[in-house]
>>> print(open('final.cif').read())   # mmCIF, C-alpha atoms
data_coords
loop_
_atom_site.label_atom_id
_atom_site.label_comp_id
_atom_site.auth_asym_id
_atom_site.auth_seq_id
_atom_site.Cartn_x
_atom_site.Cartn_y
_atom_site.Cartn_z
CA MET A 1 84.38 -45.69 58.27
CA LYS A 2 80.79 -46.57 59.04
CA ILE A 3 78.05 -47.93 56.81
CA VAL A 4 74.46 -47.39 57.89
CA GLY A 5 72.65 -50.39 56.48
CA THR A 6 68.92 -51.10 56.42
CA ASP A 7 67.80 -54.65 55.75
CA ARG A 8 64.66 -55.88 53.97
CA LYS A 9 62.72 -55.91 57.22
CA GLY A 10 63.48 -52.21 57.69
CA VAL A 11 65.94 -52.75 60.54
CA THR A 12 68.80 -50.24 60.46
CA ARG A 13 72.20 -50.80 62.01
CA GLU A 14 75.64 -49.34 61.71
CA VAL A 15 78.49 -51.59 60.59
CA GLU A 16 82.20 -50.96 60.33
CA GLY A 17 83.43 -50.65 56.74
CA ARG A 18 86.97 -51.38 55.59
CA ASP A 19 88.83 -49.23 53.12
CA GLY A 20 89.14 -50.95 49.77
CA TRP A 21 86.42 -53.53 50.49
CA SER A 22 83.17 -53.37 48.59
CA VAL A 23 80.01 -52.36 50.42
CA MET A 24 78.58 -55.72 49.33
CA GLU A 25 81.35 -57.61 51.16
CA ILE A 26 80.84 -55.58 54.33
CA LEU A 27 77.06 -56.04 54.33
CA ARG A 28 77.27 -59.75 53.45
CA ASP A 29 79.82 -60.48 56.17
CA ALA A 30 77.74 -58.47 58.65
CA GLY A 31 74.80 -60.82 58.07
CA PHE A 32 72.66 -58.66 55.81
CA ASP A 33 70.50 -60.76 53.49
CA ILE A 34 72.52 -60.17 50.33
CA ALA A 35 72.84 -63.16 48.00
CA ALA A 36 75.75 -61.78 45.92
CA GLU A 37 75.42 -64.90 43.79
CA CYS A 38 78.28 -64.02 41.44
CA GLY A 39 80.64 -63.12 44.28
CA GLY A 40 81.16 -59.50 43.26
CA ALA A 41 81.79 -59.81 39.52
CA CYS A 42 79.00 -57.39 38.51
CA ALA A 43 77.29 -60.38 36.91
CA CYS A 44 74.08 -61.11 38.82
CA ALA A 45 72.41 -58.01 40.34
CA THR A 46 71.68 -59.79 43.63
CA CYS A 47 73.55 -57.19 45.74
CA HIS A 48 71.18 -54.39 44.69
CA VAL A 49 70.84 -51.53 47.20
CA TYR A 50 69.30 -48.08 47.32
CA VAL A 51 71.78 -45.37 48.32
CA THR A 52 69.94 -42.88 50.51
CA ASP A 53 70.23 -39.48 52.21
CA GLY A 54 72.15 -37.62 49.51
CA TRP A 55 74.96 -40.17 49.37
CA PHE A 56 74.06 -41.31 45.87
CA GLU A 57 75.39 -38.11 44.30
CA LYS A 58 78.70 -38.43 46.15
CA LEU A 59 79.51 -41.79 44.59
CA PRO A 60 81.51 -42.25 41.39
CA PRO A 61 78.98 -42.70 38.58
CA ARG A 62 77.73 -46.13 37.60
CA SER A 63 79.76 -47.86 34.89
CA ASP A 64 78.07 -49.12 31.73
CA ALA A 65 78.55 -52.66 33.03
CA GLU A 66 76.73 -51.77 36.27
CA LEU A 67 73.91 -49.98 34.42
CA ASP A 68 73.52 -53.00 32.15
CA MET A 69 73.48 -55.39 35.10
CA LEU A 70 70.88 -53.24 36.89
CA ASP A 71 68.57 -54.14 33.98
CA MET A 72 68.40 -57.57 35.62
CA ALA A 73 67.60 -56.15 39.06
CA LEU A 74 64.08 -55.88 40.41
CA ALA A 75 62.46 -52.63 41.58
CA VAL A 76 65.19 -50.36 40.21
CA GLU A 77 64.97 -46.75 41.42
CA PRO A 78 67.00 -43.68 40.42
CA ASN A 79 69.24 -44.27 43.47
CA SER A 80 69.85 -47.97 42.72
CA ARG A 81 73.40 -49.32 42.88
CA LEU A 82 75.02 -52.73 42.90
CA SER A 83 76.83 -52.72 46.24
CA CYS A 84 79.68 -54.84 44.85
CA GLN A 85 80.59 -51.81 42.74
CA ILE A 86 80.86 -49.35 45.66
CA THR A 87 84.30 -49.31 47.26
CA CYS A 88 84.62 -48.28 50.91
CA GLY A 89 86.84 -45.32 51.71
CA PRO A 90 87.02 -42.42 54.19
CA GLU A 91 84.99 -40.18 51.87
CA LEU A 92 82.04 -42.55 52.30
CA ASP A 93 82.05 -42.53 56.12
CA GLY A 94 78.39 -42.72 57.17
CA ILE A 95 77.00 -43.83 53.79
CA ALA A 96 73.41 -45.04 54.13
CA VAL A 97 72.16 -47.92 52.02
CA THR A 98 68.98 -50.00 52.00
CA VAL A 99 68.94 -53.57 50.67
CA ALA A 100 66.51 -53.72 47.72
CA PRO A 101 63.68 -56.26 47.71
CA GLU A 102 64.26 -59.62 46.04
CA MET B 1 55.61 -91.70 33.00
CA ASN B 2 58.95 -92.84 31.61
CA THR B 3 60.60 -96.13 32.50
CA PRO B 4 62.85 -95.62 35.51
CA ILE B 5 66.54 -95.41 34.69
CA GLU B 6 68.89 -97.54 36.78
CA THR B 7 72.43 -96.31 37.22
CA ASP B 8 75.29 -96.18 39.72
CA VAL B 9 75.17 -92.54 40.73
CA ALA B 10 72.58 -89.78 40.23
CA ILE B 11 74.07 -86.30 40.37
CA ILE B 12 71.95 -83.22 40.99
CA GLY B 13 73.63 -80.30 39.27
CA ALA B 14 75.79 -80.23 36.13
CA GLY B 15 78.02 -77.37 37.25
CA PRO B 16 81.82 -77.67 37.45
CA ILE B 17 81.72 -79.89 40.53
CA GLY B 18 79.04 -82.23 39.18
CA LEU B 19 81.07 -82.57 35.97
CA PHE B 20 84.30 -83.34 37.80
CA ALA B 21 82.42 -85.86 39.95
CA VAL B 22 81.58 -87.71 36.71
CA PHE B 23 85.31 -87.96 36.04
CA GLU B 24 86.29 -89.14 39.51
CA LEU B 25 83.44 -91.65 39.64
CA GLY B 26 84.20 -92.75 36.09
CA LEU B 27 87.77 -93.67 37.01
CA LEU B 28 86.20 -96.09 39.49
CA ASP B 29 83.88 -97.51 36.79
CA LEU B 30 80.78 -95.85 38.21
CA LYS B 31 78.24 -94.54 35.68
CA CYS B 32 76.44 -91.26 36.22
CA HIS B 33 73.25 -89.49 35.28
CA LEU B 34 73.10 -85.73 35.88
CA ILE B 35 70.04 -83.53 36.34
CA ASP B 36 70.14 -79.78 35.83
CA ILE B 37 67.45 -77.12 35.63
CA LEU B 38 69.46 -75.13 33.09
CA ASP B 39 69.41 -76.09 29.42
CA ARG B 40 73.18 -76.66 29.28
CA PRO B 41 75.93 -77.86 31.62
CA GLY B 42 78.13 -75.42 33.55
CA GLY B 43 75.88 -74.09 36.30
CA GLN B 44 76.87 -70.67 37.61
CA CYS B 45 80.01 -70.72 35.43
CA THR B 46 78.00 -70.60 32.21
CA GLU B 47 74.86 -68.89 33.51
CA LEU B 48 76.42 -66.03 35.47
CA TYR B 49 79.93 -65.49 34.14
CA PRO B 50 80.65 -67.39 30.89
CA GLU B 51 83.01 -64.64 29.69
CA LYS B 52 84.56 -63.66 33.03
CA PRO B 53 88.03 -64.96 33.78
CA ILE B 54 88.69 -67.24 36.77
CA TYR B 55 92.25 -67.11 38.12
CA ASP B 56 92.28 -69.67 40.93
CA ILE B 57 91.88 -73.02 39.19
CA PRO B 58 95.09 -75.00 39.83
CA GLY B 59 97.12 -75.32 36.65
CA LEU B 60 94.93 -72.92 34.66
CA PRO B 61 96.29 -69.41 35.32
CA ILE B 62 93.32 -67.88 33.51
CA VAL B 63 90.17 -69.54 32.26
CA THR B 64 86.64 -68.24 31.61
CA GLY B 65 83.54 -69.88 33.05
CA GLN B 66 82.65 -71.25 29.62
CA GLU B 67 86.17 -72.55 28.92
CA LEU B 68 86.35 -74.30 32.28
CA THR B 69 82.99 -75.95 31.59
CA ASP B 70 84.12 -77.04 28.12
CA ARG B 71 87.31 -78.55 29.56
CA LEU B 72 85.45 -80.39 32.31
CA LEU B 73 83.00 -81.77 29.73
CA GLU B 74 85.94 -82.98 27.65
CA GLN B 75 87.53 -84.56 30.71
CA ALA B 76 84.27 -86.35 31.62
CA LYS B 77 83.49 -87.42 28.05
CA PRO B 78 85.16 -90.89 28.14
CA PHE B 79 82.70 -91.84 30.88
CA LYS B 80 79.64 -91.00 28.74
CA PRO B 81 77.50 -89.27 31.36
CA THR B 82 73.79 -88.84 30.57
CA PHE B 83 72.39 -85.34 31.03
CA HIS B 84 68.79 -84.62 31.97
CA LEU B 85 68.68 -80.90 31.27
CA SER B 86 65.98 -78.25 31.70
CA GLN B 87 64.50 -80.20 34.57
CA MET B 88 64.55 -79.93 38.31
CA ALA B 89 65.18 -82.74 40.77
CA SER B 90 61.85 -82.60 42.56
CA ALA B 91 61.64 -85.60 44.89
CA LEU B 92 63.91 -88.13 46.56
CA THR B 93 62.56 -91.39 47.96
CA LYS B 94 64.21 -94.42 49.49
CA LEU B 95 63.30 -97.75 47.92
CA ASP B 96 62.85 -101.04 49.78
CA ASP B 97 66.08 -102.43 48.29
CA GLY B 98 68.05 -99.57 49.86
CA ARG B 99 68.55 -97.61 46.65
CA TRP B 100 67.25 -94.08 46.02
CA LYS B 101 64.74 -92.89 43.48
CA LEU B 102 65.21 -89.36 42.23
CA THR B 103 62.27 -87.86 40.33
CA THR B 104 62.41 -84.78 38.11
CA ASP B 105 59.66 -82.29 37.35
CA ALA B 106 59.73 -83.55 33.76
CA GLY B 107 58.76 -87.03 34.97
CA ALA B 108 62.16 -88.74 34.69
CA GLU B 109 62.95 -91.31 37.39
CA ILE B 110 66.52 -92.25 38.20
CA ILE B 111 67.24 -95.14 40.55
CA ALA B 112 70.73 -95.37 42.05
CA PRO B 113 72.40 -96.54 45.25
CA VAL B 114 74.19 -93.18 45.52
CA VAL B 115 72.89 -89.64 45.03
CA VAL B 116 75.33 -86.74 44.86
CA VAL B 117 73.96 -83.25 45.46
CA ALA B 118 76.22 -80.83 43.58
CA ALA B 119 73.59 -78.16 43.26
CA GLY B 120 75.59 -75.03 44.16
CA GLY B 121 73.13 -72.56 45.67
CA GLY B 122 70.15 -74.54 44.40
CA SER B 123 68.06 -74.10 41.26
CA PHE B 124 68.14 -71.17 38.87
CA VAL B 125 64.58 -69.85 38.75
CA PRO B 126 63.12 -66.69 37.18
CA LYS B 127 63.29 -63.58 39.34
CA ARG B 128 59.85 -62.64 40.60
CA PRO B 129 59.24 -58.87 40.76
CA PRO B 130 58.42 -57.70 44.31
CA ILE B 131 54.87 -56.66 43.43
CA ALA B 132 52.19 -57.37 46.04
CA GLY B 133 49.93 -60.29 45.15
CA ILE B 134 51.77 -61.32 41.97
CA GLU B 135 51.63 -65.01 42.97
CA ALA B 136 47.85 -65.06 42.43
CA TYR B 137 48.32 -64.25 38.73
CA GLU B 138 51.23 -66.59 38.01
CA GLY B 139 50.51 -69.28 35.43
CA LYS B 140 47.27 -67.59 34.40
CA SER B 141 48.09 -64.06 33.29
CA VAL B 142 51.63 -63.53 34.60
CA HIS B 143 54.30 -65.69 32.92
CA TYR B 144 58.07 -65.85 33.32
CA ALA B 145 58.76 -67.59 30.03
CA VAL B 146 57.18 -68.00 26.61
CA ARG B 147 56.70 -71.68 25.83
CA LYS B 148 54.11 -71.42 23.05
CA MET B 149 53.78 -68.12 21.19
CA GLU B 150 50.22 -69.04 20.18
CA ALA B 151 49.16 -68.75 23.81
CA PHE B 152 49.68 -64.99 23.46
CA ARG B 153 47.73 -64.50 20.24
CA GLY B 154 45.28 -61.62 20.50
CA LYS B 155 46.45 -60.71 24.01
CA ASN B 156 47.22 -57.26 25.34
CA VAL B 157 50.73 -58.04 26.51
CA LEU B 158 53.01 -56.11 28.84
CA ILE B 159 56.69 -57.13 28.88
CA ALA B 160 59.08 -55.78 31.52
CA GLY B 161 62.88 -55.83 31.43
CA GLY B 162 65.87 -54.64 29.42
CA GLY B 163 67.87 -57.78 28.70
CA ASP B 164 67.93 -60.07 25.68
CA SER B 165 64.87 -62.10 26.71
CA ALA B 166 62.74 -58.97 27.16
CA LEU B 167 63.80 -57.54 23.80
CA ASP B 168 63.67 -60.82 21.86
CA TRP B 169 60.17 -61.61 23.04
CA THR B 170 59.00 -58.06 22.43
CA ILE B 171 60.11 -58.48 18.81
CA ASN B 172 58.76 -62.02 18.42
CA LEU B 173 55.40 -61.45 20.09
CA ALA B 174 54.70 -58.10 18.40
CA PRO B 175 52.96 -59.67 15.38
CA VAL B 176 51.12 -62.22 17.54
CA ALA B 177 49.76 -60.03 20.33
CA ALA B 178 46.83 -57.66 19.81
CA LYS B 179 48.80 -54.98 21.61
CA LEU B 180 52.26 -55.08 23.12
CA THR B 181 53.98 -52.70 25.50
CA LEU B 182 57.56 -52.94 26.73
CA VAL B 183 58.39 -51.22 30.02
CA HIS B 184 61.90 -50.69 31.27
CA HIS B 185 63.21 -48.47 34.03
CA ARG B 186 65.58 -46.58 31.70
CA ASP B 187 65.91 -45.70 28.04
CA GLY B 188 68.94 -47.94 27.71
CA PHE B 189 69.27 -51.69 27.40
CA ARG B 190 71.57 -54.52 28.35
CA ALA B 191 70.32 -56.45 25.31
CA ALA B 192 72.15 -56.88 21.99
CA GLN B 193 72.22 -53.65 19.99
CA HIS B 194 70.52 -55.11 16.91
CA SER B 195 67.57 -56.21 19.06
CA VAL B 196 67.34 -52.74 20.57
CA ASN B 197 67.36 -51.20 17.08
CA GLN B 198 64.64 -53.59 15.95
CA MET B 199 62.51 -52.77 18.99
CA ARG B 200 62.88 -49.02 18.39
CA GLU B 201 61.89 -49.53 14.77
CA LEU B 202 58.72 -51.36 15.84
CA ALA B 203 57.94 -48.58 18.33
CA ALA B 204 58.53 -45.88 15.69
CA HIS B 205 55.99 -47.60 13.44
CA GLY B 206 53.43 -47.95 16.18
CA LYS B 207 53.65 -51.76 16.22
CA ILE B 208 54.56 -51.73 19.92
CA ASN B 209 54.72 -49.18 22.73
CA PHE B 210 57.82 -48.56 24.78
CA GLU B 211 57.52 -46.83 28.14
CA VAL B 212 60.33 -45.83 30.51
CA ALA B 213 58.60 -46.94 33.68
CA SER B 214 58.31 -49.70 36.28
CA VAL B 215 55.35 -51.86 37.25
CA LYS B 216 54.22 -50.94 40.77
CA ALA B 217 50.91 -52.77 41.19
CA LEU B 218 48.71 -55.34 39.50
CA HIS B 219 44.91 -55.08 39.20
CA GLY B 220 42.53 -57.88 38.33
CA SER B 221 40.59 -60.74 39.86
CA ASP B 222 40.77 -64.54 40.08
CA GLY B 223 44.25 -64.54 38.58
CA GLN B 224 43.16 -62.55 35.52
CA LEU B 225 45.05 -59.32 35.06
CA LEU B 226 43.08 -56.27 33.87
CA ALA B 227 45.58 -53.44 34.37
CA VAL B 228 48.83 -52.47 36.05
CA THR B 229 50.03 -49.31 37.74
CA LEU B 230 53.14 -47.94 36.08
CA ALA B 231 55.43 -45.30 37.58
CA ASN B 232 58.28 -43.33 36.09
CA ALA B 233 61.46 -41.99 37.70
CA GLU B 234 59.64 -38.75 38.65
CA LYS B 235 57.20 -40.89 40.67
CA LYS B 236 54.32 -40.07 38.33
CA GLU B 237 51.90 -43.00 38.32
CA TRP B 238 49.30 -44.11 35.79
CA GLU B 239 47.20 -47.13 34.95
CA HIS B 240 47.90 -49.26 31.93
CA ALA B 241 45.34 -51.79 30.68
CA CYS B 242 46.73 -55.25 29.82
CA ASP B 243 45.67 -58.86 30.25
CA THR B 244 49.11 -60.51 30.20
CA PHE B 245 52.32 -59.57 32.01
CA ILE B 246 55.68 -61.18 31.22
CA PRO B 247 58.53 -59.96 33.47
CA PHE B 248 62.03 -60.83 32.24
CA PHE B 249 64.58 -60.07 34.95
CA GLY B 250 66.78 -63.08 34.47
CA LEU B 251 67.36 -65.91 36.90
CA THR B 252 68.19 -66.14 40.55
CA ILE B 253 69.17 -69.08 42.72
CA LYS B 254 66.74 -70.68 45.15
CA LEU B 255 67.34 -73.88 47.10
CA GLY B 256 64.07 -75.32 45.81
CA PRO B 257 62.81 -78.88 46.42
CA ILE B 258 66.16 -80.03 47.93
CA ALA B 259 64.87 -78.36 51.10
CA ASP B 260 62.19 -81.08 51.26
CA PHE B 261 64.46 -84.09 50.67
CA GLY B 262 64.67 -84.73 54.41
CA LEU B 263 68.39 -83.91 54.54
CA ASN B 264 70.13 -82.31 57.49
CA LEU B 265 70.32 -78.63 56.51
CA THR B 266 72.22 -75.80 58.20
CA GLU B 267 71.20 -72.41 56.82
CA ASN B 268 70.16 -74.00 53.52
CA LEU B 269 73.44 -75.94 53.25
CA ILE B 270 73.85 -79.70 53.59
CA ALA B 271 76.01 -80.71 56.53
CA VAL B 272 78.63 -83.31 55.55
CA ASP B 273 81.61 -85.09 57.07
CA THR B 274 85.01 -84.22 55.64
CA ALA B 275 86.21 -87.77 55.00
CA LYS B 276 83.48 -88.79 52.57
CA PHE B 277 81.42 -85.64 52.05
CA GLU B 278 78.38 -87.73 52.85
CA SER B 279 75.34 -86.12 54.44
CA THR B 280 73.90 -87.54 57.63
CA THR B 281 71.61 -89.58 55.34
CA PRO B 282 73.68 -92.60 54.20
CA GLY B 283 74.11 -92.78 50.42
CA ILE B 284 73.41 -89.08 49.90
CA PHE B 285 76.54 -87.02 49.32
CA ALA B 286 76.89 -83.25 48.96
CA ILE B 287 79.83 -81.54 47.24
CA GLY B 288 80.62 -77.99 46.15
CA ASP B 289 78.88 -74.81 47.30
CA ILE B 290 75.81 -76.69 48.58
CA ASN B 291 77.63 -78.36 51.48
CA THR B 292 78.94 -77.07 54.79
CA TYR B 293 81.57 -78.29 57.23
CA SER B 294 84.06 -76.72 59.58
CA GLY B 295 86.49 -74.66 57.51
CA LYS B 296 84.46 -74.81 54.30
CA LEU B 297 85.64 -72.47 51.54
CA LYS B 298 83.27 -71.87 48.64
CA LEU B 299 85.86 -72.34 45.92
CA ILE B 300 85.66 -74.49 42.80
CA LEU B 301 88.94 -76.16 43.79
CA SER B 302 87.46 -77.24 47.13
CA GLY B 303 84.61 -78.89 45.25
CA PHE B 304 87.07 -80.83 43.10
CA HIS B 305 88.74 -82.24 46.21
CA GLU B 306 85.36 -83.08 47.70
CA ALA B 307 84.38 -84.91 44.48
CA ALA B 308 87.50 -87.11 44.63
CA LEU B 309 86.88 -88.19 48.23
CA MET B 310 83.17 -88.65 47.66
CA ALA B 311 83.92 -91.00 44.74
CA GLN B 312 86.02 -93.30 46.94
CA ALA B 313 83.19 -93.56 49.48
CA ALA B 314 80.50 -93.93 46.81
CA PHE B 315 82.39 -96.89 45.31
CA HIS B 316 82.01 -98.90 48.51
CA ILE B 317 78.24 -98.30 48.52
CA VAL B 318 77.72 -99.16 44.84
CA ARG B 319 80.15 -102.14 44.83
CA PRO B 320 80.11 -103.38 48.42
CA ASN B 321 81.87 -106.65 47.57
CA GLU B 322 84.69 -105.23 45.50
CA LYS B 323 88.09 -104.04 46.62
CA LEU B 324 88.95 -100.50 45.59
CA ARG B 325 92.34 -100.39 43.93
CA PHE B 326 93.96 -96.97 44.34
CA GLN B 327 95.71 -96.02 41.12
CA TYR B 328 97.23 -93.04 39.36
CA THR B 329 96.23 -91.95 35.85
CA THR B 330 99.90 -91.45 34.97
CA SER B 331 100.90 -95.07 35.64
CA SER B 332 97.78 -97.24 35.48
CA SER B 333 97.12 -98.82 32.09
CA SER B 334 93.60 -99.79 33.19
CA LEU B 335 92.75 -96.16 34.03
CA GLN B 336 94.30 -95.07 30.75
CA LYS B 337 92.10 -97.57 28.91
CA LYS B 338 89.03 -96.08 30.55
CA LEU B 339 90.19 -92.65 29.47
CA GLY B 340 90.64 -93.92 25.92
CA VAL B 341 94.31 -92.99 25.77
CA ALA B 342 95.94 -96.42 26.09
#
>>> encode(input="final.cif", output="C-alpha cells")
Amino acid sequence: MKIVGTDRKGVTREVEGRDGWSVMEILRDAGFDIAAECGGACACATCHVYVTDGWFEKLPPRSDAELDMLDMALAVEPNSRLSCQITCGPELDGIAVTVAPE
Amino acid sequence: MNTPIETDVAIIGAGPIGLFAVFELGLLDLKCHLIDILDRPGGQCTELYPEKPIYDIPGLPIVTGQELTDRLLEQAKPFKPTFHLSQMASALTKLDDGRWKLTTDAGAEIIAPVVVVAAGGGSFVPKRPPIAGIEAYEGKSVHYAVRKMEAFRGKNVLIAGGGDSALDWTINLAPVAAKLTLVHHRDGFRAAQHSVNQMRELAAHGKINFEVASVKALHGSDGQLLAVTLANAEKKEWEHACDTFIPFFGLTIKLGPIADFGLNLTENLIAVDTAKFESTTPGIFAIGDINTYSGKLKLILSGFHEAALMAQAAFHIVRPNEKLRFQYTTSSSSLQKKLGVA
C-alpha cells in the first residue's frame, strides 16, 4: 500500500506502507519530521496529521483516548488524527496525510 | 547568585538513565547532583506515560513509567543525590583547573570534573501554538504558565486548551480576571471531570465564556495583545477582544541550550564512543536517548548499560590517582555497606 505524505514544508511524496504498521512509524522511518515523542503510545500528540482527500471518513473513528490526546495537539482541525493510531492496511492504499504544524 | 556547588559528577536530566547513573556512580563513591527542567524526577517516564506499562525492562515483566521511576529513586537513595528541579542547564564552561561549571537558568552553579548529559530528547518546554507572530507577544501578553495570579487581576484573559492546566486555570483565574474566555477546539475535554463540571457551572452563571473554537491570529502592537481571530469547525471566523492569551497545550521536547554547549552533535544527538560513552569533549559523557553511536537503540535498557560503562570511565577522571576495584554487589561487603544493607 502507498501513503501520500506531505511534510511541513508542503513537499508531497509517496512512501510504501506496511500492513499492520502505524502510519506514524512509516512516516517517521521515511524521514518525515514527526517527533513521536512517546513512541506510539497515544501519549504525546506529536505525530499529529491531517487526513485529506476524503480519506478521513474511511478510517475507523477516533477512540476516546485519541480524542483526549488531540486536546494537547496544536492547530486541531476536524480531520486531525494522531498517526500512531492509524494502522496501515490494503483498504488504506493511497491514503493522503499532511503533517500538522508544531 | 548562589555559592557554587562542588561535586564529583553533574548530571543533566533526572530521567531513568540519569537516576541509574547515580546508582552506578555511587557504587564507585562518586557523588552526584542532577538538574532537571521538570518539577519531579522521571523524565519522559513520568511526564508522558506515568500510567502506561513498560514490558522490556529486564527482570520487570511489567512496570509503569511511574513505578520504574519510584524503583530507580529507591535504588539511588543510599547515594543521596541532590536534585535541582524545575530548572534548565543553561551553560557549560570549562574552568582553568580542568573542571566544568554547569549553570542553570535559576542561577545554580555546579562545578564538577565530570558532566553526564542524560537529557533524553532535551528539555520539556511548553508547546507554542503555530500562530504567526506569537513570539512578539510572549512574556508580555502571551504566557505559557501562571506564576503569580495577581499578574492577571483585571485582565481580559483568553485561555486555550482542553487539558487539566487549561481547566484549572480557567477556574482559578475566573474571580481574578475582569473577563475570562476559554476556547477549545471541541466541546469535550481531556481534563478531570470535576474540573469540567466546575467550568460549565461558571459558564452557565456567566462568570466565564466558553467557545468551541481555535485561535487563528493575534492582533496588537509592541507585544500588547488587543484581540484575536477565532474560528470554529465550520471555518466561520470572528474577532475576540482580549489583552492576555494563555495557551495550555502541554509540553514538548526541544534540545534547548545543550545545542550551544560546544559538543559534537549529529542531528541533535551527542556522538559518543561505545567504550566510555564519552563525547568528543573529554569529561563530558552522554547516555540514554541523547547520544548516538553505530547500532544505537533508543531503549531504557541500553541507557542502563551506557550508565555502567560511563561510571567506570568517570571514576578515572574524578579520582585519577586511585585504582578502580571491580566488585559485585552480591559478594562485596564494601559495596553492601554503601548500599546500607551490610
>>> atom_distance(input="final.cif", atom1="CA of Val63 in chain B", atom2="CA of Pro81 in chain B")
23.5 Å
>>> closest_residue(input="final.cif", among="A:Met24, A:Cys47, A:Ala65, A:Val97", to="chain B", atoms="only C-alpha atoms")
A:Ala65
>>> closest_residue(input="final.cif", among="A:Cys88, A:Leu59, A:Ile95, A:Ala43", to="chain B", atoms="only C-alpha atoms")
A:Ala43
>>> interface_residues(input="final.cif", of="chain A", to="chain B", cutoff="12 Å", atoms="all atoms listed in the file", output="number ranges by chain")
A: 8, 35-47, 64-80, 100-102
>>> residues_around(input="final.cif", residues="Thr98 in chain A", least_positions_apart="6", cutoff="12 Å", atoms="only C-alpha atoms", output="tab-separated table (two decimals) with C-alpha atoms, in the frame of the given file")
chain	number	residue	atom	x	y	z
A	3	ILE	CA	78.05	-47.93	56.81
A	4	VAL	CA	74.46	-47.39	57.89
A	5	GLY	CA	72.65	-50.39	56.48
A	6	THR	CA	68.92	-51.10	56.42
A	7	ASP	CA	67.80	-54.65	55.75
A	8	ARG	CA	64.66	-55.88	53.97
A	9	LYS	CA	62.72	-55.91	57.22
A	10	GLY	CA	63.48	-52.21	57.69
A	11	VAL	CA	65.94	-52.75	60.54
A	12	THR	CA	68.80	-50.24	60.46
A	13	ARG	CA	72.20	-50.80	62.01
A	14	GLU	CA	75.64	-49.34	61.71
A	23	VAL	CA	80.01	-52.36	50.42
A	24	MET	CA	78.58	-55.72	49.33
A	27	LEU	CA	77.06	-56.04	54.33
A	32	PHE	CA	72.66	-58.66	55.81
A	33	ASP	CA	70.50	-60.76	53.49
A	34	ILE	CA	72.52	-60.17	50.33
A	47	CYS	CA	73.55	-57.19	45.74
A	48	HIS	CA	71.18	-54.39	44.69
A	49	VAL	CA	70.84	-51.53	47.20
A	50	TYR	CA	69.30	-48.08	47.32
A	51	VAL	CA	71.78	-45.37	48.32
A	52	THR	CA	69.94	-42.88	50.51
A	53	ASP	CA	70.23	-39.48	52.21
A	55	TRP	CA	74.96	-40.17	49.37
A	56	PHE	CA	74.06	-41.31	45.87
A	77	GLU	CA	64.97	-46.75	41.42
A	79	ASN	CA	69.24	-44.27	43.47
A	80	SER	CA	69.85	-47.97	42.72
A	81	ARG	CA	73.40	-49.32	42.88
A	82	LEU	CA	75.02	-52.73	42.90
A	83	SER	CA	76.83	-52.72	46.24
>>> resolve_selection(input="final.cif", expression="the PyMOL selection byres ((chain B and resi 267) around 12)", output="PyMOL selection string")
chain B and resi 121+255+259+264-266+268-271+290-293
>>> atom_distance(input="final.cif", atom1="CA of Phe152 in chain B", atom2="CA of Ala177 in chain B")
5.9 Å
>>> atom_distance(input="final.cif", atom1="CA of Glu24 in chain B", atom2="CA of Thr3 in chain B")
27.5 Å
>>> residues_around(input="final.cif", residues="Lys101 in chain B", least_positions_apart="3", cutoff="6 Å", atoms="only C-alpha atoms", output="compact mmCIF listing (two decimals) with C-alpha atoms, keeping the file's coordinate frame")
# COMPACT_ATOMS: atom_id res chain seq x y z
CA LEU B 92 63.91 -88.13 46.56
CA THR B 93 62.56 -91.39 47.96
CA ILE B 110 66.52 -92.25 38.20
CA ILE B 111 67.24 -95.14 40.55
>>> residues_near_point(input="final.cif", point="(80.1, -82.9, 39.9)", cutoff="8 Å", atoms="only C-alpha atoms", output="PyMOL selection string")
chain B and resi 11+13-22+116+118+287-288+304+307
>>> residues_around(input="final.cif", residues="Leu25 in chain B", least_positions_apart="5", cutoff="8 Å", atoms="all atoms listed in the file", output="PyMOL selection string")
chain B and resi 30-32+308+311-312+315
>>> resolve_selection(input="final.cif", expression="the PyMOL selection byres ((chain B and resi 245) around 8)", output="PyMOL selection string")
chain B and resi 141-143+157-160+225+242-244+246-247
>>> residues_near_point(input="final.cif", point="(66.3, -77.8, 35.3)", cutoff="12 Å", atoms="all atoms listed in the file", output="CSV table (one decimal) with C-alpha atoms, in the coordinates of the input")
chain,number,residue,atom,x,y,z
B,12,ILE,CA,72.0,-83.2,41.0
B,13,GLY,CA,73.6,-80.3,39.3
B,14,ALA,CA,75.8,-80.2,36.1
B,15,GLY,CA,78.0,-77.4,37.2
B,34,LEU,CA,73.1,-85.7,35.9
B,35,ILE,CA,70.0,-83.5,36.3
B,36,ASP,CA,70.1,-79.8,35.8
B,37,ILE,CA,67.4,-77.1,35.6
B,38,LEU,CA,69.5,-75.1,33.1
B,39,ASP,CA,69.4,-76.1,29.4
B,40,ARG,CA,73.2,-76.7,29.3
B,41,PRO,CA,75.9,-77.9,31.6
B,43,GLY,CA,75.9,-74.1,36.3
B,83,PHE,CA,72.4,-85.3,31.0
B,84,HIS,CA,68.8,-84.6,32.0
B,85,LEU,CA,68.7,-80.9,31.3
B,86,SER,CA,66.0,-78.2,31.7
B,87,GLN,CA,64.5,-80.2,34.6
B,88,MET,CA,64.6,-79.9,38.3
B,89,ALA,CA,65.2,-82.7,40.8
B,90,SER,CA,61.8,-82.6,42.6
B,103,THR,CA,62.3,-87.9,40.3
B,104,THR,CA,62.4,-84.8,38.1
B,105,ASP,CA,59.7,-82.3,37.4
B,106,ALA,CA,59.7,-83.6,33.8
B,107,GLY,CA,58.8,-87.0,35.0
B,108,ALA,CA,62.2,-88.7,34.7
B,119,ALA,CA,73.6,-78.2,43.3
B,122,GLY,CA,70.2,-74.5,44.4
B,123,SER,CA,68.1,-74.1,41.3
B,124,PHE,CA,68.1,-71.2,38.9
B,125,VAL,CA,64.6,-69.8,38.8
B,126,PRO,CA,63.1,-66.7,37.2
B,253,ILE,CA,69.2,-69.1,42.7
B,256,GLY,CA,64.1,-75.3,45.8
B,257,PRO,CA,62.8,-78.9,46.4
>>> residues_around(input="final.cif", residues="Lys298 in chain B", least_positions_apart="3", cutoff="8 Å", atoms="only C-alpha atoms", output="list in words")
Gly288, Asp289, Ser302 and Gly303 of chain B
>>> axis_aligned_box(input="final.cif", around="range 64-83 of chain A", padding_each_side="3 Å", output="AutoDock Vina command-line options")
--center_x 70.5 --center_y -50.6 --center_z 39.0 --size_x 22.1 --size_y 19.9 --size_z 20.5
